[in-house]
file data-v1.pdb (PDB, C-alpha atoms)
ATOM      1  CA  MET A  18       0.000   0.000   0.000
ATOM      2  CA  SER A  19       2.909   2.377   0.587
ATOM      3  CA  GLU A  20       3.595   2.320  -3.170
ATOM      4  CA  VAL A  21       0.118   3.589  -4.143
ATOM      5  CA  SER A  22       0.420   7.119  -5.530
ATOM      6  CA  THR A  23      -2.526   7.599  -7.892
ATOM      7  CA  LEU A  24      -6.291   7.074  -7.846
ATOM      8  CA  HIS A  25      -8.071   6.604 -11.170
ATOM      9  CA  VAL A  26     -11.884   6.651 -11.352
ATOM     10  CA  THR A  27     -13.666   5.740 -14.568
ATOM     11  CA  GLY A  28     -17.021   4.427 -15.703
ATOM     12  CA  ASP A  29     -20.633   5.191 -14.945
ATOM     13  CA  VAL A  30     -20.076   7.420 -11.911
ATOM     14  CA  ARG A  31     -20.345  11.085 -10.911
ATOM     15  CA  LEU A  32     -17.575  11.898  -8.420
ATOM     16  CA  HIS A  33     -18.500  14.374  -5.679
ATOM     17  CA  ARG A  34     -15.641  13.962  -3.227
ATOM     18  CA  VAL A  35     -12.520  11.933  -2.543
ATOM     19  CA  SER A  36     -11.175  11.444   0.964
ATOM     20  CA  TYR A  37      -8.393   9.341   2.403
ATOM     21  CA  ASP A  38      -8.282   7.632   5.793
ATOM     22  CA  GLN A  39      -5.438   5.412   7.000
ATOM     23  CA  ALA A  40      -7.496   4.068   9.912
ATOM     24  CA  VAL A  41      -9.975   1.941   7.915
ATOM     25  CA  THR A  42     -10.392  -1.300   9.868
ATOM     26  CA  ARG A  43     -12.441  -3.348   7.396
ATOM     27  CA  PHE A  44     -12.313  -3.812   3.652
ATOM     28  CA  PRO A  45     -14.160  -2.728   1.684
ATOM     29  CA  ALA A  46     -15.529   0.261   3.558
ATOM     30  CA  GLN A  47     -19.322   0.054   3.791
ATOM     31  CA  PRO A  48     -21.349   2.686   1.890
ATOM     32  CA  ALA A  49     -22.978   5.381   3.966
ATOM     33  CA  THR A  50     -26.560   4.635   4.894
ATOM     34  CA  THR A  51     -29.202   7.032   3.703
ATOM     35  CA  SER A  52     -31.619   8.725   6.063
ATOM     36  CA  LEU A  53     -34.632   8.298   3.815
ATOM     37  CA  PRO A  54     -37.866   7.344   5.542
ATOM     38  CA  PRO A  55     -38.803   3.659   5.150
ATOM     39  CA  ALA A  56     -40.809   2.934   2.033
ATOM     40  CA  GLU A  57     -44.453   2.080   2.539
ATOM     41  CA  PRO A  58     -45.365  -1.396   1.374
ATOM     42  CA  PRO A  59     -47.399  -1.469  -1.840
ATOM     43  CA  ARG A  60     -51.135  -1.999  -1.512
ATOM     44  CA  GLY A  61     -52.576  -5.426  -2.268
ATOM     45  CA  GLY A  62     -50.760  -8.673  -2.690
ATOM     46  CA  TYR A  63     -48.158  -9.958  -0.239
ATOM     47  CA  PHE A  64     -45.250  -7.919   1.135
ATOM     48  CA  THR A  65     -42.275  -9.383   3.001
ATOM     49  CA  GLN A  66     -39.205  -7.596   4.333
ATOM     50  CA  ARG A  67     -35.918  -9.531   4.313
ATOM     51  CA  PRO A  68     -37.445 -12.911   3.429
ATOM     52  CA  ALA A  69     -35.613 -16.194   3.898
ATOM     53  CA  PHE A  70     -35.006 -18.060   0.631
ATOM     54  CA  PRO A  71     -36.333 -20.113  -0.961
ATOM     55  CA  CYS A  72     -39.727 -18.696  -0.045
ATOM     56  CA  GLY A  73     -43.038 -20.156  -1.114
ATOM     57  CA  LEU A  74     -45.497 -18.170  -3.213
ATOM     58  CA  PRO A  75     -48.736 -17.854  -1.213
ATOM     59  CA  GLU A  76     -50.910 -18.459  -4.281
ATOM     60  CA  PRO A  77     -50.406 -19.235  -7.990
ATOM     61  CA  ILE A  78     -49.324 -16.462 -10.313
ATOM     62  CA  GLU A  79     -51.704 -15.476 -13.110
ATOM     63  CA  ASP A  80     -51.501 -13.233 -16.163
ATOM     64  CA  GLY A  81     -50.680  -9.737 -14.971
ATOM     65  CA  GLY A  82     -49.183 -11.029 -11.733
ATOM     66  CA  GLN A  83     -45.890  -9.554 -10.641
ATOM     67  CA  ILE A  84     -43.021 -10.301  -8.280
ATOM     68  CA  SER A  85     -40.996  -7.218  -7.269
ATOM     69  CA  ILE A  86     -37.661  -7.638  -5.500
ATOM     70  CA  SER A  87     -35.957  -4.643  -3.866
ATOM     71  CA  GLY A  88     -32.329  -5.115  -2.979
ATOM     72  CA  ARG A  89     -28.758  -3.924  -3.145
ATOM     73  CA  VAL A  90     -25.823  -5.517  -4.951
ATOM     74  CA  LYS A  91     -22.862  -6.172  -2.647
ATOM     75  CA  LEU A  92     -19.692  -4.140  -3.152
ATOM     76  CA  LEU A  93     -17.484  -6.819  -4.712
ATOM     77  CA  PRO A  94     -20.019  -8.933  -6.598
ATOM     78  CA  PHE A  95     -19.431 -12.074  -8.622
ATOM     79  CA  TYR A  96     -23.043 -13.001  -9.408
ATOM     80  CA  LEU A  97     -26.652 -12.779  -8.321
ATOM     81  CA  ALA A  98     -29.416 -15.153  -9.348
ATOM     82  CA  VAL A  99     -33.215 -15.098  -9.144
ATOM     83  CA  ASN A 100     -35.155 -18.321  -9.747
ATOM     84  CA  LEU A 101     -38.852 -19.132  -9.942
ATOM     85  CA  LEU A 102     -39.029 -22.779  -8.879
ATOM     86  CA  SER A 103     -41.468 -25.673  -9.130
ATOM     87  CA  GLY A 104     -40.607 -26.630  -5.523
ATOM     88  CA  SER A 105     -38.567 -25.449  -2.548
ATOM     89  CA  GLN A 106     -36.768 -28.730  -1.771
ATOM     90  CA  LEU A 107     -33.066 -29.304  -2.386
ATOM     91  CA  PHE A 108     -33.537 -32.822  -3.747
ATOM     92  CA  PRO A 109     -34.846 -33.758  -6.150
ATOM     93  CA  GLU A 110     -33.874 -30.456  -7.692
ATOM     94  CA  PRO A 111     -37.008 -28.561  -8.745
ATOM     95  CA  ASP A 112     -37.566 -27.311 -12.275
ATOM     96  CA  ILE A 113     -36.601 -23.680 -12.809
ATOM     97  CA  ILE A 114     -39.525 -21.915 -14.467
ATOM     98  CA  LEU A 115     -37.534 -18.690 -14.900
ATOM     99  CA  HIS A 116     -33.836 -18.114 -14.149
ATOM    100  CA  MET A 117     -32.258 -14.645 -14.240
ATOM    101  CA  SER A 118     -28.572 -14.367 -13.433
ATOM    102  CA  ALA A 119     -26.370 -11.261 -13.424
ATOM    103  CA  ARG A 120     -22.717 -12.225 -13.812
ATOM    104  CA  PHE A 121     -20.053  -9.627 -13.132
ATOM    105  CA  LYS A 122     -16.786  -9.534 -15.097
ATOM    106  CA  VAL A 123     -17.270 -12.972 -16.629
ATOM    107  CA  ARG A 124     -14.992 -13.007 -19.666
ATOM    108  CA  ASP A 125     -12.763 -10.219 -20.884
ATOM    109  CA  ASP A 126     -14.123  -7.978 -18.102
ATOM    110  CA  VAL A 127     -17.672  -8.121 -19.521
ATOM    111  CA  ASP A 128     -20.805  -8.119 -17.335
ATOM    112  CA  VAL A 129     -23.681 -10.271 -18.638
ATOM    113  CA  VAL A 130     -27.278 -11.056 -17.743
ATOM    114  CA  VAL A 131     -28.504 -14.558 -18.602
ATOM    115  CA  VAL A 132     -32.174 -15.612 -18.639
ATOM    116  CA  ASN A 133     -33.113 -19.276 -18.998
ATOM    117  CA  SER A 134     -35.266 -22.180 -17.789
ATOM    118  CA  LYS A 135     -34.402 -25.709 -16.675
ATOM    119  CA  ALA A 136     -36.458 -28.916 -16.743
ATOM    120  CA  ALA A 137     -34.496 -32.032 -17.786
ATOM    121  CA  GLY A 138     -31.530 -29.725 -18.401
ATOM    122  CA  TRP A 139     -30.819 -26.108 -19.227
ATOM    123  CA  ALA A 140     -32.572 -24.760 -22.301
ATOM    124  CA  GLN A 141     -31.170 -22.131 -24.664
ATOM    125  CA  GLU A 142     -30.296 -18.983 -22.768
ATOM    126  CA  ALA A 143     -31.179 -15.426 -23.697
ATOM    127  CA  ARG A 144     -28.785 -12.533 -23.085
ATOM    128  CA  PRO A 145     -30.115  -8.992 -23.124
ATOM    129  CA  VAL A 146     -27.733  -6.262 -24.252
ATOM    130  CA  LEU A 147     -28.160  -4.074 -21.173
ATOM    131  CA  PHE A 148     -26.543  -4.731 -17.791
ATOM    132  CA  PRO A 149     -28.405  -2.614 -15.225
ATOM    133  CA  PHE A 150     -26.744  -3.828 -11.988
ATOM    134  CA  ARG A 151     -23.913  -1.923 -10.283
ATOM    135  CA  PRO A 152     -21.813  -2.888  -7.245
ATOM    136  CA  GLY A 153     -23.135  -1.303  -4.063
ATOM    137  CA  ARG A 154     -26.249   0.078  -5.790
ATOM    138  CA  ARG A 155     -29.892  -0.484  -4.965
ATOM    139  CA  PHE A 156     -32.216  -1.959  -7.574
ATOM    140  CA  GLN A 157     -35.818  -3.034  -8.067
ATOM    141  CA  LEU A 158     -36.266  -6.144 -10.181
ATOM    142  CA  SER A 159     -39.747  -7.091 -11.375
ATOM    143  CA  LEU A 160     -40.926 -10.299 -13.017
ATOM    144  CA  THR A 161     -44.320  -9.795 -14.664
ATOM    145  CA  CYS A 162     -46.326 -12.717 -15.988
ATOM    146  CA  GLN A 163     -47.924 -11.907 -19.334
ATOM    147  CA  PRO A 164     -49.991 -14.259 -21.545
ATOM    148  CA  ALA A 165     -47.057 -14.876 -23.929
ATOM    149  CA  GLY A 166     -44.226 -14.940 -21.392
ATOM    150  CA  TRP A 167     -42.324 -13.108 -18.686
ATOM    151  CA  GLU A 168     -41.293  -9.468 -18.691
ATOM    152  CA  VAL A 169     -38.109  -8.839 -16.720
ATOM    153  CA  ALA A 170     -37.545  -5.195 -15.747
ATOM    154  CA  VAL A 171     -34.971  -3.427 -13.584
ATOM    155  CA  ASP A 172     -35.744  -0.037 -12.038
ATOM    156  CA  GLY A 173     -38.808   0.277 -14.254
ATOM    157  CA  ALA A 174     -36.915  -0.274 -17.536
ATOM    158  CA  LEU A 175     -37.736  -3.401 -19.551
ATOM    159  CA  LEU A 176     -34.707  -5.675 -19.715
ATOM    160  CA  LEU A 177     -36.160  -8.630 -21.633
ATOM    161  CA  ARG A 178     -39.299 -10.480 -22.730
ATOM    162  CA  PHE A 179     -38.915 -14.225 -22.220
ATOM    163  CA  PRO A 180     -41.462 -16.771 -23.567
ATOM    164  CA  HIS A 181     -43.156 -19.289 -21.279
ATOM    165  CA  ARG A 182     -41.234 -22.553 -21.640
ATOM    166  CA  LEU A 183     -42.751 -24.221 -18.580
ATOM    167  CA  SER A 184     -46.248 -23.617 -17.249
ATOM    168  CA  LYS A 185     -46.516 -20.612 -14.949
ATOM    169  CA  SER A 186     -48.802 -22.750 -12.750
ATOM    170  CA  LEU A 187     -45.716 -24.788 -11.742
ATOM    171  CA  ALA A 188     -44.121 -21.761 -10.023
ATOM    172  CA  VAL A 189     -44.506 -22.306  -6.277
ATOM    173  CA  ALA A 190     -41.315 -20.782  -4.825
ATOM    174  CA  LEU A 191     -38.866 -17.907  -5.307
ATOM    175  CA  ASP A 192     -35.136 -18.180  -4.635
ATOM    176  CA  VAL A 193     -32.556 -15.363  -4.648
ATOM    177  CA  ARG A 194     -28.862 -16.192  -4.292
ATOM    178  CA  GLY A 195     -25.446 -14.626  -4.643
ATOM    179  CA  ASP A 196     -23.927 -11.253  -3.925
ATOM    180  CA  VAL A 197     -27.139  -9.427  -3.111
ATOM    181  CA  LEU A 198     -28.915  -8.135  -0.018
ATOM    182  CA  VAL A 199     -32.678  -8.461  -0.489
ATOM    183  CA  GLN A 200     -34.659  -5.838   1.414
ATOM    184  CA  SER A 201     -38.178  -6.790   0.389
ATOM    185  CA  VAL A 202     -40.340  -8.862  -1.929
ATOM    186  CA  HIS A 203     -43.799  -7.822  -3.075
ATOM    187  CA  TYR A 204     -45.927 -10.507  -4.688
ATOM    188  CA  GLN A 205     -49.064  -9.536  -6.594
ATOM    189  CA  PRO A 206     -50.500 -12.818  -7.947
ATOM    190  CA  ASN A 207     -52.920 -11.218 -10.414
ATOM    191  CA  SER A 208     -53.237  -7.701 -11.664
ATOM    192  CA  PRO A 209     -55.212  -7.334 -14.915
ATOM    193  CA  ASP A 210     -54.179  -3.711 -15.387
ATOM    194  CA  LEU A 211     -50.588  -4.925 -15.990
ATOM    195  CA  ILE A 212     -51.594  -7.014 -18.997
ATOM    196  CA  GLN A 213     -50.503  -5.341 -22.213
ATOM    197  CA  LEU A 214     -52.621  -6.197 -25.253
TER     198      LEU A 214
END

call {"tool": "encode", "arguments": {"input": "data-v1.pdb", "output": "structure tokens"}}
result
Amino acid sequence: MSEVSTLHVTGDVRLHRVSYDQAVTRFPAQPATTSLPPAEPPRGGYFTQRPAFPCGLPEPIEDGGQISISGRVKLLPFYLAVNLLSGSQLFPEPDIILHMSARFKVRDDVDVVVVNSKAAGWAQEARPVLFPFRPGRRFQLSLTCQPAGWEVAVDGALLLRFPHRLSKSLAVALDVRGDVLVQSVHYQPNSPDLIQL
């Protein structure tokens, strides 16, 4: 550390201040907490703060239904994964109705999002162009069930439309893994006003 002489900041960031402290006792330093008032839970559906995973869906999802996950990516992430499962047991492994995985710095320093499903084995994956997740940043991920497939959105922006490969009626549990801190999950099993014709 005594040989460090320069700090270089690049990328999708607006720098407001740089400070230096030799007395940091843990690495990496935790981001400052905000003093925003707690968000009110959405009306209708089911709302859970800091759920344990996998968590069961209280009722089947229907067209227009939506699962919203609020969380924060950890500071030094490798991956995060969200799975809609046909069961919550470890063995036999349940089918994965919808798999969304954000993979940080996979090959040649490229971040990728992969969306897929798994029954007898993994099917063909889809990779959207955008990568909306950032280390240390909060996000809101929503999975909306439409008649033709799933709509995956992050912070209100559509990331991908993914066709139904397995019946939505098989989805009975949600699992979130990896370098992510989940703050809340809101489950709205049916919401006709979300259906886009």

call {"tool": "resolve_selection", "arguments": {"input": "data-v1.pdb", "expression": "the PyMOL selection byres ((chain A and resi 178) around 12)", "output": "PyMOL selection string"}}
result
chain A and resi 115+117+132-133+143-145+159-170+174-177+179-181

call {"tool": "closest_residue", "arguments": {"input": "data-v1.pdb", "among": "A:Val131, A:Leu187, A:Val202, A:Val99", "to": "A:Glu76", "atoms": "only C-alpha atoms"}}
result
A:Leu187

call {"tool": "closest_residue", "arguments": {"input": "data-v1.pdb", "among": "A:Ser208, A:Gln141, A:Val189, A:His203", "to": "A:Gln66", "atoms": "all atoms listed in the file"}}
result
A:His203

call {"tool": "residues_around", "arguments": {"input": "data-v1.pdb", "residues": "A:Ile86", "least_positions_apart": "2", "cutoff": "10 Å", "atoms": "all atoms listed in the file", "output": "MDAnalysis selection string"}}
result
chainID A and resid 65:66 83:84 88:89 99 156:160 171 193 199:204

call {"tool": "residues_around", "arguments": {"input": "data-v1.pdb", "residues": "A:Ser105", "least_positions_apart": "2", "cutoff": "7 Å", "atoms": "all atoms listed in the file", "output": "PDB file with C-alpha atoms, keeping the file's coordinate frame"}}
result
ATOM      1  CA  PRO A  71     -36.333 -20.113  -0.961  1.00  0.00           C
ATOM      2  CA  LEU A 102     -39.029 -22.779  -8.879  1.00  0.00           C
ATOM      3  CA  LEU A 107     -33.066 -29.304  -2.386  1.00  0.00           C
ATOM      4  CA  ALA A 190     -41.315 -20.782  -4.825  1.00  0.00           C
TER       5      ALA A 190
END

call {"tool": "atom_distance", "arguments": {"input": "data-v1.pdb", "atom1": "atom CA of A:Ser87", "atom2": "atom CA of A:Phe148"}}
result
16.8 Å

call {"tool": "closest_residue", "arguments": {"input": "data-v1.pdb", "among": "A:Arg154, A:Val197, A:Ser118, A:Gln205", "to": "A:Arg67", "atoms": "all atoms listed in the file"}}
result
A:Val197

call {"tool": "atom_distance", "arguments": {"input": "data-v1.pdb", "atom1": "atom CA of A:Pro75", "atom2": "atom CA of A:Asn100"}}
result
16.0 Å

call {"tool": "closest_residue", "arguments": {"input": "data-v1.pdb", "among": "A:Leu97, A:Val26, A:Lys91, A:Gly62", "to": "A:Gly195", "atoms": "all atoms listed in the file"}}
result
A:Leu97

call {"tool": "atom_distance", "arguments": {"input": "data-v1.pdb", "atom1": "atom CA of A:Ile78", "atom2": "atom CA of A:Tyr63"}}
result
12.0 Å

call {"tool": "resolve_selection", "arguments": {"input": "data-v1.pdb", "expression": "the PyMOL selection byres ((chain A and resi 153) around 9)", "output": "number ranges by chain"}}
result
A: 47-48, 89-94, 151-152, 154-155

call {"tool": "closest_residue", "arguments": {"input": "data-v1.pdb", "among": "A:Phe150, A:Trp139, A:Tyr37, A:Phe95", "to": "A:Asp112", "atoms": "only C-alpha atoms"}}
result
A:Trp139
